[in-house]
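*Asks:* Before anything else, here's the structure in question.
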Amino acid sequence: MTSAPAHVADDALRAVLRGRRFEAVVIGGSAGGVDALVALLPALPAKFRLAVVCILHLPGDRESRLAELFDERLPLPVKEAVDKEEVVPGTVYFAGAGYHLSVERDRTFSLSCEPPVHFARPAIDVLMESSADAYGPALAGILLTGANHDGADGMARIRARGGFTIVQDPADAQVPTMPVSAIHRSKPNLILPLARIHALLPMLETNEP
């Protein structure tokens with residue numbers, strides 16, 4: 001595990017990523033997560049080739065407008081994930097409200113009404129665990145600010161399947177509970193403040209062998 005301060009050089013981040021090849025990124029958060037994504041996702045360049053799947057804890061009684069919000073801010077296609085839809089590279093997806101979101105082994109989305117996990121549906125663990133099984137070492141997981149323990153098991157599964165995990169520095173998070181829980185559950189590859197995750201995100205497809 002490497003904990004990197006805000007001033008860590010980009011070259012140091014590239015060195016940690018060297019030799020990795022990613023196909024998808026899953027990003028989870030809860031309390032403070034919208035602000036974190038607003039700061040983070042504009043780092044994505046227009047020709048970013050990885051699929052990006054974002055999940056935040058949402059009230060189940062009203063429609064999510066996250067895809068609409070970020071479609072106005074990003075140069076990439078942005079949409080809400082749809083059941084049975086293929087996960088397309090170079091697209092940013094958001095989990096909708098009221099359903100768990102999974103990625104199947106054939107790289108398609110699946111929605112379900114199974115019971116909440118950590119009081120949440122959609123739950124970060126459900127998405128991250130299924131994505132880890134689908135992508136293995138080709139998956140990067142990022143866990144942001146949040147107020148409960150969701151995401152800790154998902155990040156542990158990503159690491160167990162050979163993927164790469166990044167946790168927001170608890171000292172930098174609006175609410176540190178979620179990052180702290182993930183760090184205690186399974187040591188992540190990197191612990192970074194949001195500004196450094198912003199710098200690292202485009203490197204996930206440009207790192208050299």
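FYI, nothing fancy with the structure tokens labels: chains A, B, ... in order, residues from 1 per chain, ligands from 1 as they appear.
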Can you pull out the residues contacting Leu200 (chain A)? Cut-off 9 Å, using only C-alpha atoms, and skip same-chain residues under 5 positions away; I want them as a PyMOL selection string.

*Replies:* chain A and resi 10+13-14+43+195

*Asks:* Dump as a Markdown table the rows for residues of region 65-99 of chain A within 10 Å of region 123-132 of chain A: closest atom pair and distance in Å with one decimal, only C-alpha atoms counted, ordered by chain and rising residue number.

*Replies:*
```
| residue | atom | partner | partner_atom | distance |
| --- | --- | --- | --- | --- |
| A:Ala95 | CA | A:Leu127 | CA | 9.0 |
| A:Gly98 | CA | A:Ala123 | CA | 9.8 |
| A:Tyr99 | CA | A:Ala123 | CA | 8.6 |
```

*Asks:* Measuring atom to atom with only C-alpha atoms, identify which of A:Pro89, A:Gly19, A:Pro170, A:Gly96 is nearest to Ile183 (chain A).

*Replies:*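 Among the listed residues, A:Pro170 lies closest to Ile183 (chain A).
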
*Asks:* Hey, can you check how far CA of Ala36 (chain A) sits from CA of Gln174 (chain A)?

*Replies:* 8.7 Å

*Asks:* Near Ala156 (chain A), counting only C-alpha atoms, which residues have an atom at most 7 Å away, once you skip same-chain residues fewer than 4 positions from it, shown as a list of chain:residue names?

*Replies:*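 That gives A:Ala152, A:Ala160, A:Arg185, A:Ser186.
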
*Asks:* One number please: CA of Glu86 (chain A) to CA of Asp106 (chain A), in Å, one decimal.

*Replies:*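 Taking CA of Glu86 (chain A) and CA of Asp106 (chain A), their separation equals 8.2 Å.
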